[in-house]
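Enquirer: If it helps, the file is called data39.tsv and holds TSV, C-alpha atoms:
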```tsv
chain	number	residue	atom	x	y	z
A	285	MET	CA	-9.55	-6.39	10.60
A	286	THR	CA	-7.47	-4.95	13.42
A	287	GLY	CA	-3.77	-4.19	13.54
A	288	ASN	CA	-1.04	-1.69	12.75
A	289	ILE	CA	-2.36	0.04	9.62
A	290	LEU	CA	-0.08	1.91	7.22
A	291	THR	CA	-2.01	5.05	6.27
A	292	PRO	CA	-0.80	7.89	4.03
A	293	ASN	CA	-0.04	9.82	7.23
A	294	GLY	CA	1.91	7.00	8.86
A	295	TRP	CA	1.19	4.08	11.15
A	296	ILE	CA	-1.82	3.83	13.40
A	297	THR	CA	-3.38	1.01	15.39
A	298	GLY	CA	-6.98	0.57	14.43
A	299	HIS	CA	-9.81	-1.25	12.70
A	300	LEU	CA	-10.02	-1.39	8.90
A	301	ILE	CA	-13.54	-2.06	7.64
A	302	ILE	CA	-14.23	-3.49	4.17
A	303	LYS	CA	-17.54	-2.59	2.52
A	304	ASN	CA	-18.59	-3.42	-1.04
A	305	ASP	CA	-15.04	-4.30	-2.15
A	306	LEU	CA	-13.74	-0.97	-0.87
A	307	ILE	CA	-12.17	0.30	2.32
A	308	GLY	CA	-15.25	1.57	4.11
A	309	ASP	CA	-13.56	3.16	7.11
A	310	ILE	CA	-10.42	3.14	9.24
A	311	GLU	CA	-11.14	3.56	12.95
A	312	VAL	CA	-8.16	4.82	14.94
A	313	LEU	CA	-7.44	3.17	18.28
A	314	SER	CA	-3.95	4.58	18.75
A	315	ALA	CA	-1.77	7.01	16.79
A	316	GLU	CA	1.21	4.68	16.98
A	317	ILE	CA	2.26	1.08	16.42
A	318	THR	CA	1.15	-1.51	18.97
A	319	MET	CA	3.65	-4.31	19.45
A	320	GLY	CA	2.31	-7.80	18.79
A	321	GLN	CA	-0.37	-6.63	16.38
A	322	PRO	CA	-0.24	-7.66	12.69
A	323	TYR	CA	0.83	-5.14	10.06
A	324	ILE	CA	-1.73	-4.10	7.46
A	325	ILE	CA	-0.31	-2.62	4.25
A	326	PRO	CA	-1.53	-2.05	0.68
A	327	GLY	CA	-1.54	-4.94	-1.77
A	328	PHE	CA	1.45	-5.08	-4.09
A	329	ILE	CA	1.40	-3.83	-7.68
A	330	ASP	CA	3.74	-5.56	-10.18
A	331	LEU	CA	4.29	-3.56	-13.37
A	332	HIS	CA	6.60	-6.08	-15.03
A	333	VAL	CA	5.80	-9.80	-14.88
A	334	HIS	CA	5.92	-12.35	-17.72
A	335	GLY	CA	4.45	-15.44	-16.13
A	336	GLY	CA	4.00	-17.78	-13.21
A	337	GLY	CA	2.72	-21.18	-12.28
A	338	GLY	CA	4.41	-22.77	-15.30
A	339	HIS	CA	2.76	-20.46	-17.86
A	340	ASP	CA	4.35	-17.71	-19.97
A	341	ILE	CA	2.20	-14.81	-21.14
A	342	MET	CA	3.33	-15.28	-24.76
A	343	GLN	CA	1.80	-18.76	-24.79
A	344	GLY	CA	-1.67	-17.23	-24.72
A	345	GLY	CA	-4.56	-19.40	-23.56
A	346	GLU	CA	-5.01	-19.21	-19.81
A	347	ALA	CA	-1.49	-17.90	-19.10
A	348	ALA	CA	-2.72	-14.49	-17.91
A	349	ARG	CA	-5.20	-16.13	-15.55
A	350	ILE	CA	-2.56	-18.47	-14.08
A	351	LEU	CA	-0.14	-15.54	-13.74
A	352	ALA	CA	-2.73	-13.49	-11.83
A	353	GLN	CA	-3.57	-16.37	-9.51
A	354	THR	CA	0.04	-17.38	-8.87
A	355	HIS	CA	1.27	-13.92	-7.93
A	356	ALA	CA	-1.82	-13.09	-5.87
A	357	ARG	CA	-0.80	-15.89	-3.49
A	358	SER	CA	2.34	-13.86	-2.77
A	359	GLY	CA	0.55	-10.60	-2.04
A	360	THR	CA	0.34	-9.06	-5.53
A	361	THR	CA	-3.10	-7.55	-6.06
A	362	SER	CA	-2.56	-5.75	-9.41
A	363	VAL	CA	-0.33	-6.64	-12.37
A	364	LEU	CA	0.65	-5.61	-15.85
A	365	ALA	CA	0.89	-8.72	-18.00
A	366	THR	CA	4.23	-8.28	-19.75
A	367	THR	CA	4.91	-9.41	-23.30
A	368	MET	CA	8.26	-10.19	-24.91
A	369	THR	CA	9.91	-9.06	-28.12
A	370	ALA	CA	8.41	-11.28	-30.83
A	371	ARG	CA	6.85	-11.11	-34.28
A	372	VAL	CA	3.93	-8.68	-34.21
A	373	ASN	CA	1.43	-11.44	-35.05
A	374	ASP	CA	2.62	-13.45	-32.05
A	375	ILE	CA	2.36	-10.40	-29.78
A	376	THR	CA	-1.15	-9.83	-31.13
A	377	LYS	CA	-2.17	-13.37	-30.18
A	378	ALA	CA	-0.84	-12.84	-26.67
A	379	PHE	CA	-2.81	-9.58	-26.40
A	380	GLU	CA	-5.99	-11.34	-27.52
A	381	ALA	CA	-5.55	-13.95	-24.77
A	382	ILE	CA	-4.87	-11.27	-22.16
A	383	ALA	CA	-7.98	-9.38	-23.25
A	384	ARG	CA	-10.14	-12.49	-22.82
A	385	VAL	CA	-8.92	-12.96	-19.26
A	386	MET	CA	-9.42	-9.27	-18.48
A	387	GLN	CA	-13.02	-9.59	-19.68
A	388	SER	CA	-13.56	-12.58	-17.39
A	389	PRO	CA	-11.06	-12.10	-14.55
A	390	PRO	CA	-10.28	-14.85	-12.03
A	391	ALA	CA	-12.01	-14.45	-8.67
A	392	ASP	CA	-8.85	-15.55	-6.85
A	393	GLY	CA	-6.26	-13.58	-8.80
A	394	ALA	CA	-4.63	-10.20	-9.05
A	395	ASP	CA	-6.35	-7.48	-11.06
A	396	ILE	CA	-4.83	-7.30	-14.56
A	397	LEU	CA	-4.47	-3.60	-15.32
A	398	GLY	CA	-3.32	-4.03	-18.90
A	399	VAL	CA	-0.07	-4.76	-20.69
A	400	HIS	CA	3.57	-3.80	-20.36
A	401	LEU	CA	4.94	-4.10	-23.90
A	402	GLU	CA	8.60	-4.95	-23.27
A	403	GLY	CA	9.73	-4.73	-26.85
A	404	PRO	CA	9.76	-5.17	-29.76
A	405	PHE	CA	10.95	-1.54	-29.85
A	406	ILE	CA	14.35	-2.32	-28.33
A	407	ASN	CA	17.94	-2.29	-29.51
A	408	PRO	CA	18.73	-5.51	-31.41
A	409	ASP	CA	22.23	-5.36	-29.91
A	410	LYS	CA	20.88	-5.29	-26.33
A	411	LEU	CA	18.31	-8.06	-26.39
A	412	GLY	CA	19.29	-9.64	-23.08
A	413	ALA	CA	17.15	-12.80	-22.98
A	414	GLN	CA	14.71	-11.55	-25.61
A	415	PRO	CA	14.35	-13.13	-29.08
A	416	ALA	CA	15.85	-11.36	-32.09
A	417	HIS	CA	12.69	-9.73	-33.41
A	418	ALA	CA	13.34	-6.08	-32.54
A	419	ILE	CA	11.76	-3.48	-34.83
A	420	PRO	CA	11.40	0.34	-34.78
A	421	ALA	CA	8.34	1.73	-33.07
A	422	SER	CA	5.25	2.69	-35.06
A	423	ARG	CA	1.96	4.27	-34.10
A	424	LYS	CA	0.15	1.75	-36.28
A	425	THR	CA	1.52	-1.22	-34.33
A	426	VAL	CA	0.83	0.33	-30.93
A	427	SER	CA	-2.68	1.42	-31.92
A	428	ARG	CA	-3.47	-2.05	-33.24
A	429	LEU	CA	-2.42	-3.68	-29.98
A	430	HIS	CA	-3.99	-1.00	-27.76
A	431	LYS	CA	-7.39	-1.67	-29.36
A	432	ILE	CA	-7.15	-5.29	-28.23
A	433	ALA	CA	-5.96	-4.74	-24.64
A	434	PRO	CA	-4.85	-1.52	-22.93
A	435	VAL	CA	-1.14	-0.82	-23.29
A	436	ARG	CA	-0.04	0.92	-20.09
A	437	VAL	CA	3.78	0.79	-20.37
A	438	ILE	CA	6.22	0.38	-23.28
A	439	THR	CA	9.93	-0.35	-22.94
A	440	LEU	CA	11.94	1.15	-25.80
A	441	ALA	CA	15.48	2.06	-26.85
A	442	PRO	CA	15.51	5.84	-27.51
A	443	GLU	CA	18.73	5.79	-29.58
A	444	ILE	CA	16.57	4.46	-32.45
A	445	ALA	CA	15.03	7.50	-34.14
A	446	GLU	CA	11.49	6.10	-34.53
A	447	ASN	CA	11.43	5.10	-30.87
A	448	LEU	CA	12.39	8.58	-29.69
A	449	ASP	CA	9.87	10.20	-32.04
A	450	ILE	CA	6.93	8.14	-30.71
A	451	ILE	CA	7.40	9.08	-27.04
A	452	PRO	CA	5.30	12.33	-27.08
A	453	TRP	CA	2.49	10.46	-28.87
A	454	LEU	CA	2.58	7.72	-26.22
A	455	GLU	CA	2.36	10.34	-23.50
A	456	GLN	CA	-0.69	11.88	-25.19
A	457	HIS	CA	-2.37	8.46	-25.07
A	458	ASN	CA	-1.51	7.93	-21.39
A	459	ILE	CA	1.02	5.19	-22.19
A	460	ARG	CA	4.19	5.34	-20.11
A	461	ALA	CA	7.46	5.13	-22.04
A	462	GLN	CA	10.41	3.51	-20.27
A	463	ILE	CA	14.04	3.41	-21.36
A	464	GLY	CA	15.38	-0.12	-21.49
A	465	HIS	CA	17.14	-2.81	-23.53
A	466	SER	CA	19.15	0.13	-24.79
A	467	LEU	CA	22.66	1.22	-25.71
A	468	ALA	CA	21.72	4.90	-25.55
A	469	ASP	CA	24.25	7.42	-24.35
A	470	TYR	CA	23.56	10.07	-21.73
A	471	GLY	CA	22.47	12.71	-24.24
A	472	GLN	CA	20.04	10.38	-25.99
A	473	CYS	CA	18.50	9.42	-22.66
A	474	VAL	CA	18.10	13.05	-21.62
A	475	CYS	CA	16.34	13.72	-24.92
A	476	ALA	CA	13.98	10.81	-24.22
A	477	LEU	CA	13.17	12.16	-20.75
A	478	ARG	CA	12.47	15.59	-22.20
A	479	ALA	CA	10.21	13.98	-24.81
A	480	GLY	CA	8.14	12.36	-22.05
A	481	ALA	CA	9.79	9.08	-21.01
A	482	ARG	CA	9.19	8.60	-17.31
A	483	SER	CA	10.99	5.50	-16.09
A	484	PHE	CA	13.71	2.92	-16.74
A	485	THR	CA	13.25	-0.81	-17.23
A	486	HIS	CA	14.97	-3.18	-14.75
A	487	LEU	CA	17.76	-0.76	-13.81
A	488	TYR	CA	21.32	-1.97	-14.52
A	489	ASN	CA	20.16	-4.93	-16.60
A	490	ALA	CA	20.20	-4.80	-20.43
A	491	MET	CA	21.32	-1.18	-20.68
A	492	SER	CA	24.48	0.83	-21.27
A	493	PRO	CA	26.41	0.92	-17.97
A	494	LEU	CA	27.77	3.83	-15.95
A	495	SER	CA	31.27	5.07	-16.68
A	496	HIS	CA	32.67	8.39	-15.48
A	497	ARG	CA	33.17	9.54	-19.07
A	498	ALA	CA	30.17	7.72	-20.55
A	499	PRO	CA	27.26	7.74	-18.08
A	500	GLY	CA	24.97	5.69	-20.32
A	501	VAL	CA	21.43	4.69	-19.35
A	502	VAL	CA	22.46	3.75	-15.81
A	503	GLY	CA	24.11	7.12	-15.19
A	504	THR	CA	21.09	8.95	-16.58
A	505	ALA	CA	18.75	7.04	-14.28
A	506	LEU	CA	20.89	7.80	-11.22
A	507	ALA	CA	21.26	11.46	-12.19
A	508	HIS	CA	17.77	12.27	-13.44
A	509	GLY	CA	15.41	9.38	-12.70
A	510	PHE	CA	12.35	10.02	-10.56
A	511	TYR	CA	10.54	6.75	-11.26
A	512	CYS	CA	12.59	3.64	-12.03
A	513	GLU	CA	11.99	-0.10	-11.77
A	514	ILE	CA	14.49	-2.59	-10.37
A	515	ILE	CA	14.52	-6.36	-9.77
A	516	PRO	CA	15.19	-6.71	-6.01
A	517	ASP	CA	16.02	-10.42	-5.94
A	518	LEU	CA	19.69	-9.73	-5.02
A	519	VAL	CA	20.70	-11.80	-8.03
A	520	HIS	CA	20.09	-9.38	-10.90
A	521	VAL	CA	21.60	-6.47	-8.95
A	522	ASP	CA	24.32	-6.60	-6.29
A	523	LYS	CA	23.68	-5.17	-2.83
A	524	GLY	CA	25.95	-2.16	-3.40
A	525	ALA	CA	24.29	-1.22	-6.67
A	526	MET	CA	20.88	-1.64	-5.05
A	527	LEU	CA	21.89	0.78	-2.28
A	528	ALA	CA	23.15	3.33	-4.79
A	529	ALA	CA	19.82	3.27	-6.63
A	530	MET	CA	17.79	3.38	-3.41
A	531	ARG	CA	19.72	6.48	-2.36
A	532	ALA	CA	19.70	8.27	-5.73
A	533	ILE	CA	16.25	7.67	-7.23
A	534	PRO	CA	13.31	9.15	-5.30
A	535	ARG	CA	10.72	6.63	-6.46
A	536	LEU	CA	12.64	3.46	-7.15
A	537	TYR	CA	10.10	0.65	-7.25
A	538	GLY	CA	10.37	-3.11	-7.29
A	539	ILE	CA	9.21	-5.43	-10.04
A	540	THR	CA	9.59	-9.18	-10.31
A	541	ASP	CA	10.30	-9.64	-14.03
A	542	GLY	CA	8.76	-12.97	-13.02
A	543	THR	CA	8.66	-15.87	-15.44
A	544	ALA	CA	6.70	-19.09	-15.84
A	545	ALA	CA	9.13	-20.57	-13.30
A	546	CYS	CA	7.64	-18.50	-10.44
A	547	GLY	CA	6.09	-20.85	-7.91
A	548	MET	CA	7.45	-23.90	-9.74
A	549	PRO	CA	10.24	-26.45	-9.12
A	550	ASP	CA	13.58	-26.41	-10.91
A	551	GLY	CA	13.33	-27.33	-14.58
A	552	LYS	CA	12.83	-26.05	-18.13
A	553	TYR	CA	10.24	-23.37	-18.93
A	554	LYS	CA	9.40	-20.92	-21.73
A	555	LEU	CA	10.12	-17.19	-21.87
A	556	GLY	CA	8.66	-16.05	-25.15
A	557	GLU	CA	10.05	-18.42	-27.75
A	558	ASN	CA	13.17	-19.15	-25.70
A	559	ASP	CA	13.74	-22.11	-23.41
A	560	VAL	CA	14.86	-21.05	-19.93
A	561	TYR	CA	16.06	-23.08	-16.98
A	562	LYS	CA	15.28	-22.57	-13.30
A	563	LYS	CA	18.02	-23.59	-10.87
A	564	ASP	CA	19.24	-22.24	-7.53
A	565	GLY	CA	16.55	-19.56	-7.42
A	566	ALA	CA	17.45	-18.03	-10.81
A	567	VAL	CA	16.25	-18.42	-14.39
A	568	ARG	CA	18.76	-18.50	-17.23
A	569	LEU	CA	19.13	-19.22	-20.90
A	570	GLU	CA	21.19	-22.28	-21.76
A	571	ASP	CA	24.29	-20.06	-22.10
A	572	GLY	CA	23.88	-18.79	-18.52
A	573	THR	CA	22.36	-15.38	-19.30
A	574	LEU	CA	19.80	-14.32	-16.70
A	575	ALA	CA	16.31	-14.54	-18.20
A	576	GLY	CA	13.73	-13.00	-15.90
A	577	SER	CA	13.39	-14.19	-12.33
A	578	THR	CA	11.65	-16.46	-9.86
A	579	LEU	CA	10.98	-13.49	-7.56
A	580	THR	CA	7.64	-12.77	-5.91
A	581	LEU	CA	6.90	-9.44	-4.26
A	582	ASP	CA	6.58	-10.83	-0.74
A	583	ILE	CA	10.27	-11.72	-0.99
A	584	ALA	CA	11.04	-8.34	-2.59
A	585	LEU	CA	9.54	-6.66	0.50
A	586	LYS	CA	11.91	-8.53	2.80
A	587	ASN	CA	14.88	-7.87	0.54
A	588	PHE	CA	14.27	-4.11	0.58
A	589	ILE	CA	14.03	-4.26	4.37
A	590	SER	CA	17.28	-6.25	4.55
A	591	LEU	CA	18.93	-3.37	2.67
A	592	GLY	CA	17.81	-0.77	5.21
A	593	ASP	CA	14.28	0.23	4.24
A	594	SER	CA	11.64	0.49	6.93
A	595	LEU	CA	8.53	-1.59	6.40
A	596	ALA	CA	6.68	1.58	5.40
A	597	GLN	CA	9.30	2.55	2.80
A	598	ALA	CA	9.54	-0.97	1.41
A	599	SER	CA	5.74	-1.05	1.10
A	600	LYS	CA	5.78	2.19	-0.90
A	601	ARG	CA	8.29	0.67	-3.31
A	602	LEU	CA	5.81	-2.14	-4.01
A	603	SER	CA	2.48	-0.34	-4.17
A	604	GLU	CA	2.23	3.43	-3.77
A	605	TYR	CA	4.92	4.40	-6.26
A	606	GLN	CA	3.51	2.09	-8.94
A	607	ALA	CA	0.00	3.47	-8.47
A	608	ASP	CA	1.24	7.04	-8.74
A	609	TYR	CA	3.36	6.22	-11.78
A	610	LEU	CA	0.35	4.87	-13.69
A	611	GLY	CA	-1.97	7.55	-12.33
A	612	LEU	CA	-4.13	5.03	-10.45
A	613	GLU	CA	-6.17	6.88	-7.85
A	614	ASP	CA	-8.16	3.89	-6.59
A	615	ARG	CA	-5.35	1.76	-5.11
A	616	GLY	CA	-1.81	1.75	-3.74
A	617	ARG	CA	-2.76	3.24	-0.35
A	618	LEU	CA	-5.04	2.37	2.53
A	619	MET	CA	-7.73	5.06	2.63
A	620	PRO	CA	-11.53	5.03	2.88
A	621	GLY	CA	-13.08	4.80	-0.58
A	622	LEU	CA	-10.15	3.04	-2.25
A	623	ARG	CA	-10.11	-0.60	-3.37
A	624	ALA	CA	-9.67	-3.04	-0.52
A	625	ASP	CA	-6.38	-4.41	-1.89
A	626	ILE	CA	-4.68	-5.41	1.33
A	627	ASN	CA	-1.86	-7.52	2.74
A	628	ILE	CA	-1.71	-8.61	6.38
A	629	LEU	CA	1.74	-9.44	7.74
A	630	ASP	CA	2.98	-11.12	10.91
A	631	GLN	CA	5.83	-9.88	13.09
A	632	ASP	CA	8.42	-11.36	10.68
A	633	TYR	CA	6.84	-9.46	7.75
A	634	THR	CA	5.49	-12.69	6.26
A	635	ILE	CA	2.13	-12.35	4.53
A	636	THR	CA	-0.65	-14.24	6.28
A	637	GLN	CA	-3.64	-12.91	4.32
A	638	THR	CA	-4.21	-11.07	1.04
A	639	PHE	CA	-7.39	-9.36	-0.14
A	640	VAL	CA	-8.09	-8.30	-3.73
A	641	ALA	CA	-11.01	-5.85	-3.88
A	642	GLY	CA	-12.11	-7.18	-0.50
A	643	GLN	CA	-11.99	-10.86	-1.51
A	644	ARG	CA	-9.59	-13.07	0.41
A	645	ILE	CA	-7.00	-14.97	-1.63
A	646	GLY	CA	-6.02	-18.50	-0.68
A	647	LYS	CA	-2.84	-18.62	1.39
A	648	LYS	CA	0.33	-19.73	-0.39
A	649	GLN	CA	0.98	-23.36	0.51
A	650	GLU	CA	4.70	-23.23	1.04
A	651	GLN	CA	7.31	-20.49	0.84
A	652	GLU	CA	9.53	-21.14	-2.16
A	653	LYS	CA	13.16	-21.66	-1.23
A	654	ILE	CA	15.61	-19.24	-2.80
A	655	HIS	CA	19.33	-19.85	-3.28
A	656	TYR	CA	21.84	-17.08	-3.88
A	657	GLY	CA	25.16	-18.63	-4.91
A	658	ASN	CA	26.50	-20.57	-1.94
A	659	THR	CA	24.13	-18.86	0.49
A	660	HIS	CA	20.81	-20.59	1.21
A	661	VAL	CA	17.99	-18.15	1.90
A	662	SER	CA	14.36	-18.96	2.65
A	663	GLY	CA	11.34	-17.92	4.70
A	664	SER	CA	11.87	-14.80	6.80
A	665	ASN	CA	15.68	-14.96	6.58
A	666	GLN	CA	15.89	-12.89	3.40
A	667	ARG	CA	19.26	-11.22	3.99
A	668	ALA	CA	21.61	-9.88	1.35
A	669	ALA	CA	24.07	-12.59	0.33
A	670	THR	CA	27.68	-11.43	0.45
A	671	CYS	CA	29.34	-14.22	-1.56
A	672	ARG	CA	27.72	-14.91	-4.91
A	673	ARG	CA	29.27	-16.10	-8.12
A	674	PRO	CA	29.36	-13.62	-11.02
A	675	VAL	CA	26.31	-13.82	-13.30
A	676	ALA	CA	25.76	-12.86	-16.90
A	677	GLU	CA	23.69	-9.77	-17.55
A	678	LYS	CA	20.05	-10.13	-18.46
```
Let me see whether you can do it: turn the structure in this file into structure tokens.
Expert:
Amino acid sequence: MTGNILTPNGWITGHLIIKNDLIGDIEVLSAEITMGQPYIIPGFIDLHVHGGGGHDIMQGGEAARILAQTHARSGTTSVLATTMTARVNDITKAFEAIARVMQSPPADGADILGVHLEGPFINPDKLGAQPAHAIPASRKTVSRLHKIAPVRVITLAPEIAENLDIIPWLEQHNIRAQIGHSLADYGQCVCALRAGARSFTHLYNAMSPLSHRAPGVVGTALAHGFYCEIIPDLVHVDKGAMLAAMRAIPRLYGITDGTAACGMPDGKYKLGENDVYKKDGAVRLEDGTLAGSTLTLDIALKNFISLGDSLAQASKRLSEYQADYLGLEDRGRLMPGLRADINILDQDYTITQTFVAGQRIGKKQEQEKIHYGNTHVSGSNQRAATCRRPVAEK
């Protein structure tokens, strides 16, 4: 393939050659961008996604396969299947289904890297859209689940003593601890970071907010965060708050927090054991609380650009930073010898082709229309809406 290739050293015009599922070589034609040529960037990595195509990961069965296929059509080439707070037996069943799909992965889907365990080790008073089954963390529970399918990330509330105590053990087992669904104060968050926590779960949502005399989780992330996830759908987080995080946190990265409603029409879907409703480009509980999103990472790319990122910087927020965070050395960049996980974009930054380990994924049939309040947004016109109604916190 030929075009403007985003390499670790910047843009070049050249040929990218795929060989045996890997990037075989990159031949340089010019050390700068050539106008009119397509853009070639790394495939996206989503570290927090619950579902897609009408299926929720907690339903088990083929949900993980449908999730991987649905999000691959929007440029996502690697995912962490993300579970919800639930009874441990129900989480175990979801893990067993994920493991079966990982053992026999779909040829036309994203690579499932493992699991993001979002709960049950969260604060029962900061559930957001999660069911009321929060429990303290235990090595026994994590070990049991990790033997079924690899746990790569755990969201926890560090103000709960058992949750704080388990963080060094998680780090020893190469499991990333993230602060989220938490009412922790600044001091408790700093203790968690010192213990080994490395990131924050969907910044601003379901966490203690920033106040000048009580910085909370949000203030800790802005002051000390190096890695941090955020939902860049411009619904969960206002433009101004997005800009503050983009300026303050060196490796702020985008996640979808996508639900079964991704790629589906308006209607009722499942998020864990809860019913959720998709309408106007958002997913909510019956009481109006935001409950995950309909976002896909191709739209996230355009939203970051609309907020001032260059294409190269927006790409890093959706691939490179995630790979580095998990310690993945075989993806997240375009270099010879790495996996051929690739997105090709046109001049409007719309994805025209996606490759997972060198295999082309079928093109998405139709770009989903997104609505932000009274502002209609679709296709390449993904600009930050300026007039949106207030929304309840996730």
Enquirer: Excluding Leu527 of chain A and its own-chain neighbours fewer than 2 positions away, which residues fall within 12 Å of it when counting only C-alpha atoms? Please give them as an mmCIF file with C-alpha atoms, in the frame of the given file.
Expert:
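Final output, around_14.cif:
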```cif
data_model
loop_
_atom_site.group_PDB
_atom_site.id
_atom_site.type_symbol
_atom_site.label_atom_id
_atom_site.label_comp_id
_atom_site.auth_asym_id
_atom_site.auth_seq_id
_atom_site.Cartn_x
_atom_site.Cartn_y
_atom_site.Cartn_z
ATOM 1 C CA LEU A 506 20.890 7.800 -11.220
ATOM 2 C CA ILE A 514 14.490 -2.590 -10.370
ATOM 3 C CA PRO A 516 15.190 -6.710 -6.010
ATOM 4 C CA LEU A 518 19.690 -9.730 -5.020
ATOM 5 C CA VAL A 521 21.600 -6.470 -8.950
ATOM 6 C CA ASP A 522 24.320 -6.600 -6.290
ATOM 7 C CA LYS A 523 23.680 -5.170 -2.830
ATOM 8 C CA GLY A 524 25.950 -2.160 -3.400
ATOM 9 C CA ALA A 525 24.290 -1.220 -6.670
ATOM 10 C CA ALA A 529 19.820 3.270 -6.630
ATOM 11 C CA MET A 530 17.790 3.380 -3.410
ATOM 12 C CA ARG A 531 19.720 6.480 -2.360
ATOM 13 C CA ALA A 532 19.700 8.270 -5.730
ATOM 14 C CA ILE A 533 16.250 7.670 -7.230
ATOM 15 C CA LEU A 536 12.640 3.460 -7.150
ATOM 16 C CA ASN A 587 14.880 -7.870 0.540
ATOM 17 C CA PHE A 588 14.270 -4.110 0.580
ATOM 18 C CA ILE A 589 14.030 -4.260 4.370
ATOM 19 C CA SER A 590 17.280 -6.250 4.550
ATOM 20 C CA LEU A 591 18.930 -3.370 2.670
ATOM 21 C CA GLY A 592 17.810 -0.770 5.210
ATOM 22 C CA ASP A 593 14.280 0.230 4.240
ATOM 23 C CA ALA A 668 21.610 -9.880 1.350
#
```
Enquirer: Which of these, A:Arg423, A:Arg349, A:His486, A:Arg478, has the shortest distance to Leu454 of chain A once you count all atoms listed in the file?
Expert: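 Checking each candidate against Leu454 of chain A, we get A:Arg423 as the closest.
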Enquirer: Which of these residues is nearest to Thr540 of chain A, using all atoms listed in the file: A:Ala641, A:Leu612, A:Gly621, A:Asp582?
Expert: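 The shortest atom-to-atom distance to Thr540 of chain A comes from A:Asp582.
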Enquirer: Which residues of segment 406-509 of chain A come within 12 Å of segment 362-383 of chain A, and for each one, what is the closest pair of atoms and their distance in Å to one decimal, counting only C-alpha atoms, sorted by chain and residue number, as JSON lines?
Expert:
```
{"residue": "A:Ile406", "atom": "CA", "partner": "A:Thr369", "partner_atom": "CA", "distance": 8.1}
{"residue": "A:Asn407", "atom": "CA", "partner": "A:Thr369", "partner_atom": "CA", "distance": 10.6}
{"residue": "A:Pro408", "atom": "CA", "partner": "A:Thr369", "partner_atom": "CA", "distance": 10.1}
{"residue": "A:Lys410", "atom": "CA", "partner": "A:Thr369", "partner_atom": "CA", "distance": 11.7}
{"residue": "A:Leu411", "atom": "CA", "partner": "A:Thr369", "partner_atom": "CA", "distance": 8.6}
{"residue": "A:Gly412", "atom": "CA", "partner": "A:Thr369", "partner_atom": "CA", "distance": 10.7}
{"residue": "A:Ala413", "atom": "CA", "partner": "A:Met368", "partner_atom": "CA", "distance": 9.5}
{"residue": "A:Gln414", "atom": "CA", "partner": "A:Thr369", "partner_atom": "CA", "distance": 6.0}
{"residue": "A:Pro415", "atom": "CA", "partner": "A:Thr369", "partner_atom": "CA", "distance": 6.1}
{"residue": "A:Ala416", "atom": "CA", "partner": "A:Thr369", "partner_atom": "CA", "distance": 7.5}
{"residue": "A:His417", "atom": "CA", "partner": "A:Ala370", "partner_atom": "CA", "distance": 5.2}
{"residue": "A:Ala418", "atom": "CA", "partner": "A:Thr369", "partner_atom": "CA", "distance": 6.3}
{"residue": "A:Ile419", "atom": "CA", "partner": "A:Thr369", "partner_atom": "CA", "distance": 8.9}
{"residue": "A:Pro420", "atom": "CA", "partner": "A:Thr369", "partner_atom": "CA", "distance": 11.6}
{"residue": "A:Ala421", "atom": "CA", "partner": "A:Val372", "partner_atom": "CA", "distance": 11.4}
{"residue": "A:Ser422", "atom": "CA", "partner": "A:Val372", "partner_atom": "CA", "distance": 11.5}
{"residue": "A:Lys424", "atom": "CA", "partner": "A:Val372", "partner_atom": "CA", "distance": 11.3}
{"residue": "A:Thr425", "atom": "CA", "partner": "A:Val372", "partner_atom": "CA", "distance": 7.8}
{"residue": "A:Val426", "atom": "CA", "partner": "A:Val372", "partner_atom": "CA", "distance": 10.1}
{"residue": "A:Ser427", "atom": "CA", "partner": "A:Thr376", "partner_atom": "CA", "distance": 11.4}
{"residue": "A:Arg428", "atom": "CA", "partner": "A:Thr376", "partner_atom": "CA", "distance": 8.4}
{"residue": "A:Leu429", "atom": "CA", "partner": "A:Thr376", "partner_atom": "CA", "distance": 6.4}
{"residue": "A:His430", "atom": "CA", "partner": "A:Phe379", "partner_atom": "CA", "distance": 8.8}
{"residue": "A:Lys431", "atom": "CA", "partner": "A:Phe379", "partner_atom": "CA", "distance": 9.6}
{"residue": "A:Ile432", "atom": "CA", "partner": "A:Glu380", "partner_atom": "CA", "distance": 6.2}
{"residue": "A:Ala433", "atom": "CA", "partner": "A:Ala383", "partner_atom": "CA", "distance": 5.2}
{"residue": "A:Pro434", "atom": "CA", "partner": "A:Ala383", "partner_atom": "CA", "distance": 8.5}
{"residue": "A:Val435", "atom": "CA", "partner": "A:Leu364", "partner_atom": "CA", "distance": 9.0}
{"residue": "A:Arg436", "atom": "CA", "partner": "A:Leu364", "partner_atom": "CA", "distance": 7.8}
{"residue": "A:Val437", "atom": "CA", "partner": "A:Leu364", "partner_atom": "CA", "distance": 8.4}
{"residue": "A:Ile438", "atom": "CA", "partner": "A:Thr366", "partner_atom": "CA", "distance": 9.6}
{"residue": "A:Thr439", "atom": "CA", "partner": "A:Thr369", "partner_atom": "CA", "distance": 10.1}
{"residue": "A:Leu440", "atom": "CA", "partner": "A:Thr369", "partner_atom": "CA", "distance": 10.7}
{"residue": "A:His465", "atom": "CA", "partner": "A:Thr369", "partner_atom": "CA", "distance": 10.6}
{"residue": "A:Thr485", "atom": "CA", "partner": "A:Thr366", "partner_atom": "CA", "distance": 12.0}
```
Enquirer: Figure out the distance between atom CA of Lys552 of chain A and atom CA of Glu513 of chain A, please, to one decimal in Å.
Expert: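 Result for atom CA of Glu513 of chain A versus atom CA of Lys552 of chain A: 26.7 Å, one decimal.
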Enquirer: Kindly indicate which residue among A:Glu455, A:Asp469, A:Asp330, A:Asp395 lies nearest to Pro442 of chain A, using all atoms listed in the file for the distances.
Expert: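 Closest candidate: A:Asp469.
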